[in-house]
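**Student:** structure_21.pdb is reproduced in full below (PDB, C-alpha atoms).
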ATOM      1  CA  MET W  18     112.772 101.464  90.117
ATOM      2  CA  SER W  19     112.079  99.595  93.362
ATOM      3  CA  ALA W  20     113.984  96.543  94.506
ATOM      4  CA  ALA W  21     111.054  94.142  94.639
ATOM      5  CA  GLY W  22     110.630  90.467  95.440
ATOM      6  CA  HIS W  23     113.418  90.052  97.987
ATOM      7  CA  PRO W  24     113.119  87.221 100.525
ATOM      8  CA  PRO W  25     113.135  88.003 104.260
ATOM      9  CA  THR W  26     116.554  88.819 105.704
ATOM     10  CA  ARG W  27     118.047  86.750 108.527
ATOM     11  CA  PHE W  28     121.341  86.360 110.358
ATOM     12  CA  HIS W  29     123.761  83.629 109.286
ATOM     13  CA  ARG W  30     124.338  80.620 111.536
ATOM     14  CA  ILE W  31     128.056  81.475 111.474
ATOM     15  CA  HIS W  32     128.961  84.376 113.734
ATOM     16  CA  GLY W  33     131.297  85.567 116.479
ATOM     17  CA  VAL W  34     131.727  83.362 119.539
ATOM     18  CA  ASN W  35     130.061  85.884 121.866
ATOM     19  CA  VAL W  36     126.871  86.158 119.782
ATOM     20  CA  CYS W  37     123.584  84.384 120.420
ATOM     21  CA  ILE W  38     121.080  84.279 117.543
ATOM     22  CA  ASP W  39     117.420  83.698 118.419
ATOM     23  CA  PRO W  40     115.533  80.777 116.787
ATOM     24  CA  SER W  41     113.958  83.066 114.175
ATOM     25  CA  GLY W  42     117.377  84.249 113.018
ATOM     26  CA  THR W  43     116.314  87.881 113.367
ATOM     27  CA  GLN W  44     117.771  88.891 116.744
ATOM     28  CA  ALA W  45     121.472  88.881 117.602
ATOM     29  CA  THR W  46     122.779  89.542 121.123
ATOM     30  CA  ARG W  47     126.343  89.762 122.368
ATOM     31  CA  VAL W  48     126.236  87.776 125.583
ATOM     32  CA  GLU W  49     129.592  88.748 127.072
ATOM     33  CA  SER W  50     132.650  90.994 126.683
ATOM     34  CA  PHE W  51     132.675  93.793 124.088
ATOM     35  CA  ALA W  52     134.079  91.983 121.029
ATOM     36  CA  ASN W  53     133.585  88.772 119.028
ATOM     37  CA  GLY W  54     130.201  90.132 117.964
ATOM     38  CA  VAL W  55     130.553  89.884 114.172
ATOM     39  CA  CYS W  56     127.436  88.666 112.331
ATOM     40  CA  PHE W  57     126.585  88.153 108.672
ATOM     41  CA  SER W  58     123.433  88.025 106.593
ATOM     42  CA  ARG W  59     122.233  84.478 105.940
ATOM     43  CA  GLU W  60     122.185  85.054 102.183
ATOM     44  CA  PRO W  61     124.102  87.414  99.905
ATOM     45  CA  LEU W  62     122.214  90.645  99.295
ATOM     46  CA  ALA W  63     120.702  91.402  95.918
ATOM     47  CA  PRO W  64     121.457  94.802  94.339
ATOM     48  CA  GLY W  65     119.280  97.393  96.059
ATOM     49  CA  GLN W  66     118.273  95.039  98.891
ATOM     50  CA  ILE W  67     118.812  96.613 102.300
ATOM     51  CA  PHE W  68     119.858  94.676 105.393
ATOM     52  CA  LEU W  69     118.244  96.742 108.151
ATOM     53  CA  VAL W  70     118.660  96.333 111.903
ATOM     54  CA  GLU W  71     117.273  98.147 114.927
ATOM     55  CA  ILE W  72     119.367  98.650 118.055
ATOM     56  CA  GLU W  73     117.380  96.869 120.772
ATOM     57  CA  GLU W  74     119.689  97.007 123.759
ATOM     58  CA  LYS W  75     122.688  99.053 124.867
ATOM     59  CA  GLU W  76     125.358  98.228 127.454
ATOM     60  CA  LEU W  77     127.053 100.898 129.542
ATOM     61  CA  GLY W  78     130.763 100.913 130.274
ATOM     62  CA  TRP W  79     132.132 100.318 126.761
ATOM     63  CA  CYS W  80     133.541 102.775 124.254
ATOM     64  CA  GLY W  81     132.396 102.305 120.647
ATOM     65  CA  HIS W  82     129.229 101.455 118.759
ATOM     66  CA  LEU W  83     127.710  99.279 116.039
ATOM     67  CA  ARG W  84     129.695  98.631 112.861
ATOM     68  CA  VAL W  85     128.137  97.690 109.523
ATOM     69  CA  GLY W  86     129.266  96.941 105.997
ATOM     70  CA  LEU W  87     129.608  94.290 103.307
ATOM     71  CA  THR W  88     131.941  91.399 102.615
ATOM     72  CA  ALA W  89     132.586  89.237  99.559
ATOM     73  CA  HIS W  90     133.657  86.359 101.842
ATOM     74  CA  ASP W  91     131.138  83.560 102.220
ATOM     75  CA  PRO W  92     130.931  83.159 106.025
ATOM     76  CA  ARG W  93     131.239  79.379 105.556
ATOM     77  CA  SER W  94     134.673  79.886 104.001
ATOM     78  CA  LEU W  95     136.123  81.556 107.115
ATOM     79  CA  GLU W  96     138.349  79.340 109.254
ATOM     80  CA  ILE W  97     137.388  81.501 112.215
ATOM     81  CA  VAL W  98     135.137  84.546 112.500
ATOM     82  CA  PRO W  99     137.394  87.534 113.214
ATOM     83  CA  GLU W 100     137.227  89.052 116.683
ATOM     84  CA  TYR W 101     136.625  92.501 115.184
ATOM     85  CA  SER W 102     135.181  93.647 111.871
ATOM     86  CA  LEU W 103     137.570  96.605 112.102
ATOM     87  CA  PRO W 104     140.380  95.982 111.442
ATOM     88  CA  ASP W 105     140.457  92.156 111.417
ATOM     89  CA  LEU W 106     137.786  91.330 108.835
ATOM     90  CA  VAL W 107     138.715  94.288 106.631
ATOM     91  CA  ASN W 108     142.354  93.199 106.702
ATOM     92  CA  LEU W 109     141.331  89.904 105.081
ATOM     93  CA  GLY W 110     140.460  91.918 101.991
ATOM     94  CA  ASP W 111     137.208  92.186 100.019
ATOM     95  CA  SER W 112     135.380  93.589 103.075
ATOM     96  CA  TRP W 113     134.133  97.130 103.641
ATOM     97  CA  VAL W 114     133.023  98.062 107.154
ATOM     98  CA  PHE W 115     132.370 101.396 108.855
ATOM     99  CA  ALA W 116     131.772 102.357 112.469
ATOM    100  CA  ILE W 117     128.502 104.115 113.259
ATOM    101  CA  THR W 118     129.169 107.155 115.421
ATOM    102  CA  ARG W 119     126.913 109.227 117.641
ATOM    103  CA  ASN W 120     127.009 112.220 115.295
ATOM    104  CA  HIS W 121     127.042 110.246 112.063
ATOM    105  CA  ASN W 122     123.868 111.804 110.698
ATOM    106  CA  ARG W 123     124.008 115.246 112.258
ATOM    107  CA  VAL W 124     124.959 118.471 110.516
ATOM    108  CA  THR W 125     126.100 121.562 112.398
ATOM    109  CA  LEU W 126     124.342 124.603 111.012
ATOM    110  CA  ASP W 127     124.880 128.310 111.313
ATOM    111  CA  ALA W 128     121.996 130.782 111.389
ATOM    112  CA  ALA W 129     122.045 131.174 107.607
ATOM    113  CA  GLY W 130     121.505 127.458 107.135
ATOM    114  CA  GLU W 131     118.558 127.046 109.487
ATOM    115  CA  GLU W 132     115.920 127.964 106.908
ATOM    116  CA  ALA W 133     117.364 125.557 104.351
ATOM    117  CA  ALA W 134     117.518 122.831 106.988
ATOM    118  CA  SER W 135     113.879 123.425 107.853
ATOM    119  CA  GLY W 136     112.983 122.850 104.225
ATOM    120  CA  ARG W 137     114.953 119.607 104.184
ATOM    121  CA  VAL W 138     113.134 118.429 107.320
ATOM    122  CA  ARG W 139     109.750 119.095 105.714
ATOM    123  CA  SER W 140     110.872 117.217 102.607
ATOM    124  CA  PHE W 141     112.189 114.337 104.734
ATOM    125  CA  LEU W 142     108.843 114.020 106.516
ATOM    126  CA  SER W 143     106.701 114.276 103.411
ATOM    127  CA  ASP W 144     108.689 112.052 101.022
ATOM    128  CA  PRO W 145     107.528 108.444 101.490
ATOM    129  CA  TYR W 146     110.506 107.006  99.555
ATOM    130  CA  LEU W 147     114.242 106.877  99.972
ATOM    131  CA  LEU W 148     115.854 107.101  96.538
ATOM    132  CA  ILE W 149     119.425 105.826  96.146
ATOM    133  CA  GLU W 150     120.433 106.077  92.515
ATOM    134  CA  LYS W 151     117.809 103.843  90.808
ATOM    135  CA  VAL W 152     116.785 102.059  94.009
ATOM    136  CA  ARG W 153     113.544 103.238  95.647
ATOM    137  CA  ILE W 154     112.623 102.012  99.128
ATOM    138  CA  PRO W 155     109.603 103.059 101.244
ATOM    139  CA  ARG W 156     111.092 105.202 103.996
ATOM    140  CA  ASP W 157     108.664 104.426 106.811
ATOM    141  CA  LYS W 158     110.290 101.185 108.021
ATOM    142  CA  LEU W 159     113.776 102.694 107.727
ATOM    143  CA  VAL W 160     113.331 105.323 110.442
ATOM    144  CA  GLY W 161     113.864 104.501 114.108
ATOM    145  CA  ARG W 162     111.777 106.576 116.503
ATOM    146  CA  SER W 163     111.721 107.270 120.230
ATOM    147  CA  ARG W 164     108.617 106.930 122.358
ATOM    148  CA  PRO W 165     106.883 110.181 123.373
ATOM    149  CA  GLY W 166     107.392 111.158 126.990
ATOM    150  CA  ARG W 167     105.797 113.588 129.408
ATOM    151  CA  TYR W 168     108.177 116.389 128.448
ATOM    152  CA  SER W 169     108.605 115.565 124.766
ATOM    153  CA  HIS W 170     107.236 118.965 123.744
ATOM    154  CA  LEU W 171     110.230 120.605 125.453
ATOM    155  CA  LEU W 172     112.838 118.766 123.411
ATOM    156  CA  ASP W 173     114.854 120.286 120.594
ATOM    157  CA  ASP W 174     114.042 120.298 116.877
ATOM    158  CA  LEU W 175     115.143 116.685 116.447
ATOM    159  CA  TYR W 176     111.878 115.720 118.109
ATOM    160  CA  ARG W 177     109.912 117.359 115.310
ATOM    161  CA  THR W 178     111.169 114.701 112.926
ATOM    162  CA  ASN W 179     111.152 112.076 115.677
ATOM    163  CA  VAL W 180     114.545 110.935 114.363
ATOM    164  CA  LEU W 181     116.937 109.393 116.868
ATOM    165  CA  PRO W 182     120.713 109.833 117.104
ATOM    166  CA  ALA W 183     122.483 107.137 115.111
ATOM    167  CA  THR W 184     123.671 105.071 118.086
ATOM    168  CA  ALA W 185     120.571 105.381 120.280
ATOM    169  CA  ARG W 186     118.325 102.512 121.285
ATOM    170  CA  ARG W 187     115.619 101.940 118.621
ATOM    171  CA  SER W 188     117.771 103.606 115.947
ATOM    172  CA  ARG W 189     117.645 101.776 112.596
ATOM    173  CA  ILE W 190     120.729 101.242 110.465
ATOM    174  CA  GLY W 191     120.976  99.484 107.132
ATOM    175  CA  VAL W 192     123.461  98.663 104.400
ATOM    176  CA  LEU W 193     122.943  98.022 100.689
ATOM    177  CA  TYR W 194     124.811  98.272  97.414
ATOM    178  CA  ALA W 195     123.910  99.821  94.064
ATOM    179  CA  LEU W 196     125.338  98.530  90.802
ATOM    180  CA  GLN W 197     127.232 100.942  88.545
ATOM    181  CA  PRO W 198     127.477 100.977  84.715
ATOM    182  CA  ASP W 199     131.021  99.573  84.821
ATOM    183  CA  GLY W 200     129.898  96.494  86.762
ATOM    184  CA  THR W 201     131.230  97.641  90.118
ATOM    185  CA  ALA W 202     129.032  98.567  93.082
ATOM    186  CA  ASP W 203     128.752 101.436  95.557
ATOM    187  CA  MET W 204     127.998 100.632  99.196
ATOM    188  CA  HIS W 205     125.497 102.862 100.991
ATOM    189  CA  ILE W 206     124.793 103.054 104.707
ATOM    190  CA  VAL W 207     121.313 104.256 105.682
ATOM    191  CA  ILE W 208     120.722 105.701 109.147
ATOM    192  CA  ASN W 209     117.132 106.301 110.238
ATOM    193  CA  GLY W 210     115.943 106.709 106.684
ATOM    194  CA  GLU W 211     118.789 108.983 105.603
ATOM    195  CA  ASP W 212     121.318 107.883 102.992
ATOM    196  CA  MET W 213     124.863 108.702 104.093
ATOM    197  CA  GLY W 214     126.047 108.619 100.485
ATOM    198  CA  PRO W 215     128.492 106.110  98.978
ATOM    199  CA  SER W 216     130.621 104.786 101.832
ATOM    200  CA  ALA W 217     132.764 102.684  99.518
ATOM    201  CA  ARG W 218     133.112 102.453  95.748
ATOM    202  CA  GLY W 219     134.476  99.837  93.372
ATOM    203  CA  LEU W 220     133.013  96.797  95.126
ATOM    204  CA  PRO W 221     132.912  93.656  92.943
ATOM    205  CA  GLY W 222     129.302  93.782  91.774
ATOM    206  CA  SER W 223     129.518  90.350  90.133
ATOM    207  CA  ARG W 224     130.412  88.581  93.384
ATOM    208  CA  PRO W 225     128.023  87.623  96.211
ATOM    209  CA  LEU W 226     128.078  90.324  98.893
ATOM    210  CA  TYR W 227     126.987  89.544 102.454
ATOM    211  CA  ALA W 228     125.944  92.141 105.016
ATOM    212  CA  VAL W 229     128.224  92.531 108.039
ATOM    213  CA  VAL W 230     126.852  93.638 111.425
ATOM    214  CA  ASP W 231     129.365  93.910 114.266
ATOM    215  CA  ILE W 232     127.587  94.118 117.647
ATOM    216  CA  PHE W 233     130.454  95.994 119.212
ATOM    217  CA  ALA W 234     131.051  97.621 122.606
ATOM    218  CA  SER W 235     128.054  99.709 123.780
ATOM    219  CA  THR W 236     125.703  98.015 121.295
ATOM    220  CA  LYS W 237     124.373  94.887 123.018
ATOM    221  CA  SER W 238     121.556  93.539 120.852
ATOM    222  CA  VAL W 239     120.053  94.206 117.413
ATOM    223  CA  ARG W 240     116.990  92.960 115.568
ATOM    224  CA  VAL W 241     116.476  92.574 111.823
ATOM    225  CA  ILE W 242     113.701  94.768 110.418
ATOM    226  CA  GLN W 243     111.939  93.434 107.341
ATOM    227  CA  VAL W 244     111.446  96.045 104.635
ATOM    228  CA  GLU W 245     108.447  95.961 102.337
ATOM    229  CA  TYR W 246     109.422  97.058  98.848
ATOM    230  CA  GLY W 247     106.919  98.744  96.590
ATOM    231  CA  PHE W 248     104.199 101.253  97.366
ATOM    232  CA  PRO W 249     103.586 102.542 100.927
ATOM    233  CA  SER W 250     100.407 101.297 102.568
ATOM    234  CA  LEU W 251      97.326 103.518 102.812
ATOM    235  CA  GLN W 252      97.912 103.684 106.582
ATOM    236  CA  THR W 253     101.405 105.024 106.039
ATOM    237  CA  LEU W 254     100.233 107.629 103.538
ATOM    238  CA  CYS W 255      97.532 108.782 105.981
ATOM    239  CA  ARG W 256     100.107 109.083 108.748
ATOM    240  CA  LEU W 257     102.369 111.180 106.529
ATOM    241  CA  ALA W 258      99.442 113.472 105.652
ATOM    242  CA  ILE W 259      98.635 113.977 109.343
ATOM    243  CA  GLN W 260     102.268 114.548 110.355
ATOM    244  CA  LYS W 261     102.666 117.323 107.803
ATOM    245  CA  HIS W 262     100.176 119.446 109.750
ATOM    246  CA  ILE W 263     101.446 119.015 113.310
ATOM    247  CA  ALA W 264     104.434 120.418 115.180
ATOM    248  CA  HIS W 265     105.222 117.319 117.242
ATOM    249  CA  ARG W 266     103.674 113.978 118.109
ATOM    250  CA  LEU W 267     101.912 115.066 121.302
ATOM    251  CA  ASP W 268      99.654 117.296 119.193
ATOM    252  CA  ILE W 269      98.121 114.108 117.819
ATOM    253  CA  ASP W 270      96.421 113.520 121.186
ATOM    254  CA  GLY W 271      94.192 116.533 120.551
ATOM    255  CA  LEU W 272      92.954 115.319 117.167
ATOM    256  CA  ASP W 273      89.493 113.821 116.731
ATOM    257  CA  LEU W 274      90.791 110.392 115.735
ATOM    258  CA  PRO W 275      90.278 106.852 117.054
ATOM    259  CA  PRO W 276      92.851 105.892 119.732
ATOM    260  CA  LEU W 277      94.374 103.139 117.586
ATOM    261  CA  LEU W 278      95.001 105.590 114.739
ATOM    262  CA  LYS W 279      96.516 108.112 117.172
ATOM    263  CA  ASN W 280      98.925 105.461 118.441
ATOM    264  CA  PHE W 281      99.827 104.468 114.885
ATOM    265  CA  CYS W 282     100.576 108.097 114.004
ATOM    266  CA  LYS W 283     102.831 108.363 117.071
ATOM    267  CA  TYR W 284     104.636 105.084 116.228
ATOM    268  CA  GLU W 285     103.394 103.439 119.431
TER     269      GLU W 285
END
Could I get this structure in the form of structure tokens?
**Tutor:**
Amino acid sequence: MSAAGHPPTRFHRIHGVNVCIDPSGTQATRVESFANGVCFSREPLAPGQIFLVEIEEKELGWCGHLRVGLTAHDPRSLEIVPEYSLPDLVNLGDSWVFAITRNHNRVTLDAAGEEAASGRVRSFLSDPYLLIEKVRIPRDKLVGRSRPGRYSHLLDDLYRTNVLPATARRSRIGVLYALQPDGTADMHIVINGEDMGPSARGLPGSRPLYAVVDIFASTKSVRVIQVEYGFPSLQTLCRLAIQKHIAHRLDIDGLDLPPLLKNFCKYE
């Protein structure tokens, strides 16, 4: 089942005092300090609707990264937006927020696990959908990707999937909730197209739940990415078919394809 028919996602007009929202409501930038960067979705999320952001800008000199989650508080009901999502907003109750860490979506493997990991990578590349319980979302828009460089072919195996570390610039991070049979909801955090599993359980599924994005510390600016629910486009399916037969993106340059299609396959 896909979560279809959702309106575009935007940031709420109520936010931390150090945040500037662009006129479109899709870009949020912390303009000073390292805190007071809490933002909310403009509308409550529907079950299975993902609020997805891409890290656009980083700021050196701070310790800590983006924080995301959900809250049952209507932002308009807050007397003041908390300085921090953790612990301030969470301490208000009915809020569930987690810090995104540099190694959030990495798994340390021994030699015996390398072959199994290789199989998972192939599956990750070839599966056009992310399936979370009964929610199915096209994976292509969920994955943040680096730009190829002169020495990209020398990089480690992460480059084969073109998947960035969780806190890197251009990384994409989203939050959604899935309803359970007992009426509660599970919160899921998605990092570059990978579901981290239920981050919190027992959320009040009958109450409006707003996304929380805390532009904290080394994260300077984020942009909302609109997700198209339903079937992947023919372009996306063609790109997946091509990627299955190459080792890394620079191999695409040697294919007999039009330049525009080459750039599309390399996410440029």
**Student:** Identify, on the basis of all atoms listed in the file, every residue whose closest approach to stretch 224-239 of chain W does not exceed 6 Å; exclude the query and any residue fewer than 5 positions from it along the same chain; express the result as number ranges by chain.
**Tutor:** W: 44-47, 51-52, 54-58, 61-62, 71-77, 79-89
**Student:** List the residues selected by the PyMOL selection byres ((chain W and resi 195) around 12) in the file shown, writing them as an MDAnalysis selection string.
**Tutor:** chainID W and resid 18:20 62:67 148:153 192:194 196:206 214:223 226
**Student:** Kindly give the distance, in Å, that separates atom CA of W:Gly33 and atom CA of W:Ser102, rounded to a single decimal.
**Tutor:**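 For atom CA of W:Gly33 relative to atom CA of W:Ser102, the distance reads 10.1 Å.
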**Student:** Mind giving me the straight-line distance from atom CA of W:Lys261 to atom CA of W:Pro276 in Å, one decimal?
**Tutor:**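 Spanning atom CA of W:Lys261 to atom CA of W:Pro276 is a straight-line distance of 19.2 Å.
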**Student:** Starting from 6 Å padding per side, set up an axis-aligned box that covers all listed atoms of stretch 248-257 of chain W and hand over centre and edge lengths in Å, one decimal, as lines of an AutoDock Vina configuration file.
**Tutor:**
center_x = 100.8
center_y = 106.2
center_z = 103.1
size_x = 18.9
size_y = 21.9
size_z = 23.4
**Student:** Please, which residues in stretch 218-249 of chain W fall within 10 Å of stretch 22-28 of chain W when counting all atoms listed in the file, and what is the closest atom pair and distance in Å to one decimal for each, ordered by chain then residue number, as JSON lines?
**Tutor:**
{"residue": "W:Ala228", "atom": "CA", "partner": "W:Phe28", "partner_atom": "CA", "distance": 9.1}
{"residue": "W:Val229", "atom": "CA", "partner": "W:Phe28", "partner_atom": "CA", "distance": 9.5}
{"residue": "W:Val230", "atom": "CA", "partner": "W:Phe28", "partner_atom": "CA", "distance": 9.2}
{"residue": "W:Arg240", "atom": "CA", "partner": "W:Arg27", "partner_atom": "CA", "distance": 9.4}
{"residue": "W:Val241", "atom": "CA", "partner": "W:Arg27", "partner_atom": "CA", "distance": 6.9}
{"residue": "W:Ile242", "atom": "CA", "partner": "W:Thr26", "partner_atom": "CA", "distance": 8.1}
{"residue": "W:Gln243", "atom": "CA", "partner": "W:Pro25", "partner_atom": "CA", "distance": 6.4}
{"residue": "W:Val244", "atom": "CA", "partner": "W:Pro25", "partner_atom": "CA", "distance": 8.2}
{"residue": "W:Glu245", "atom": "CA", "partner": "W:His23", "partner_atom": "CA", "distance": 8.9}
{"residue": "W:Tyr246", "atom": "CA", "partner": "W:Gly22", "partner_atom": "CA", "distance": 7.5}
{"residue": "W:Gly247", "atom": "CA", "partner": "W:Gly22", "partner_atom": "CA", "distance": 9.1}
**Student:** Compare W:Ser41, W:Ser188, W:Leu159, W:Val70 by their minimum atom-to-atom distance to W:Asp212, counting only C-alpha atoms, and give me the closest one.
**Tutor:**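 The shortest atom-to-atom distance to W:Asp212 comes from W:Leu159.
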**Student:** Under the rule that all atoms listed in the file are counted, which of W:Leu251, W:Leu147, W:Ala264, W:Ala185 is the nearest residue to W:Met213?
**Tutor:**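 Ranked by minimum distance to W:Met213, first place goes to W:Leu147.
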**Student:** Could you check how far atom CA of W:Leu106 sits from atom CA of W:Asp91, in Å to one decimal?
**Tutor:**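 Rounded to one decimal, the two atoms are 12.2 Å apart.
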**Student:** Name the residues in contact with W:Gly191 at a cut-off of 6 Å, using all atoms listed in the file, excluding same-chain residues fewer than 5 positions from it; report them as a count of residues only.
**Tutor:** 4
**Student:** List as a tab-separated table (two decimals) with C-alpha atoms, in the coordinates of the input the protein and nucleic acid residues near W:Tyr146, meaning an atom at most 6 Å away when all atoms listed in the file are counted, but skip any in the same chain fewer than 2 places from it.
**Tutor:**
chain	number	residue	atom	x	y	z
W	144	ASP	CA	108.69	112.05	101.02
W	154	ILE	CA	112.62	102.01	99.13
W	155	PRO	CA	109.60	103.06	101.24
W	156	ARG	CA	111.09	105.20	104.00
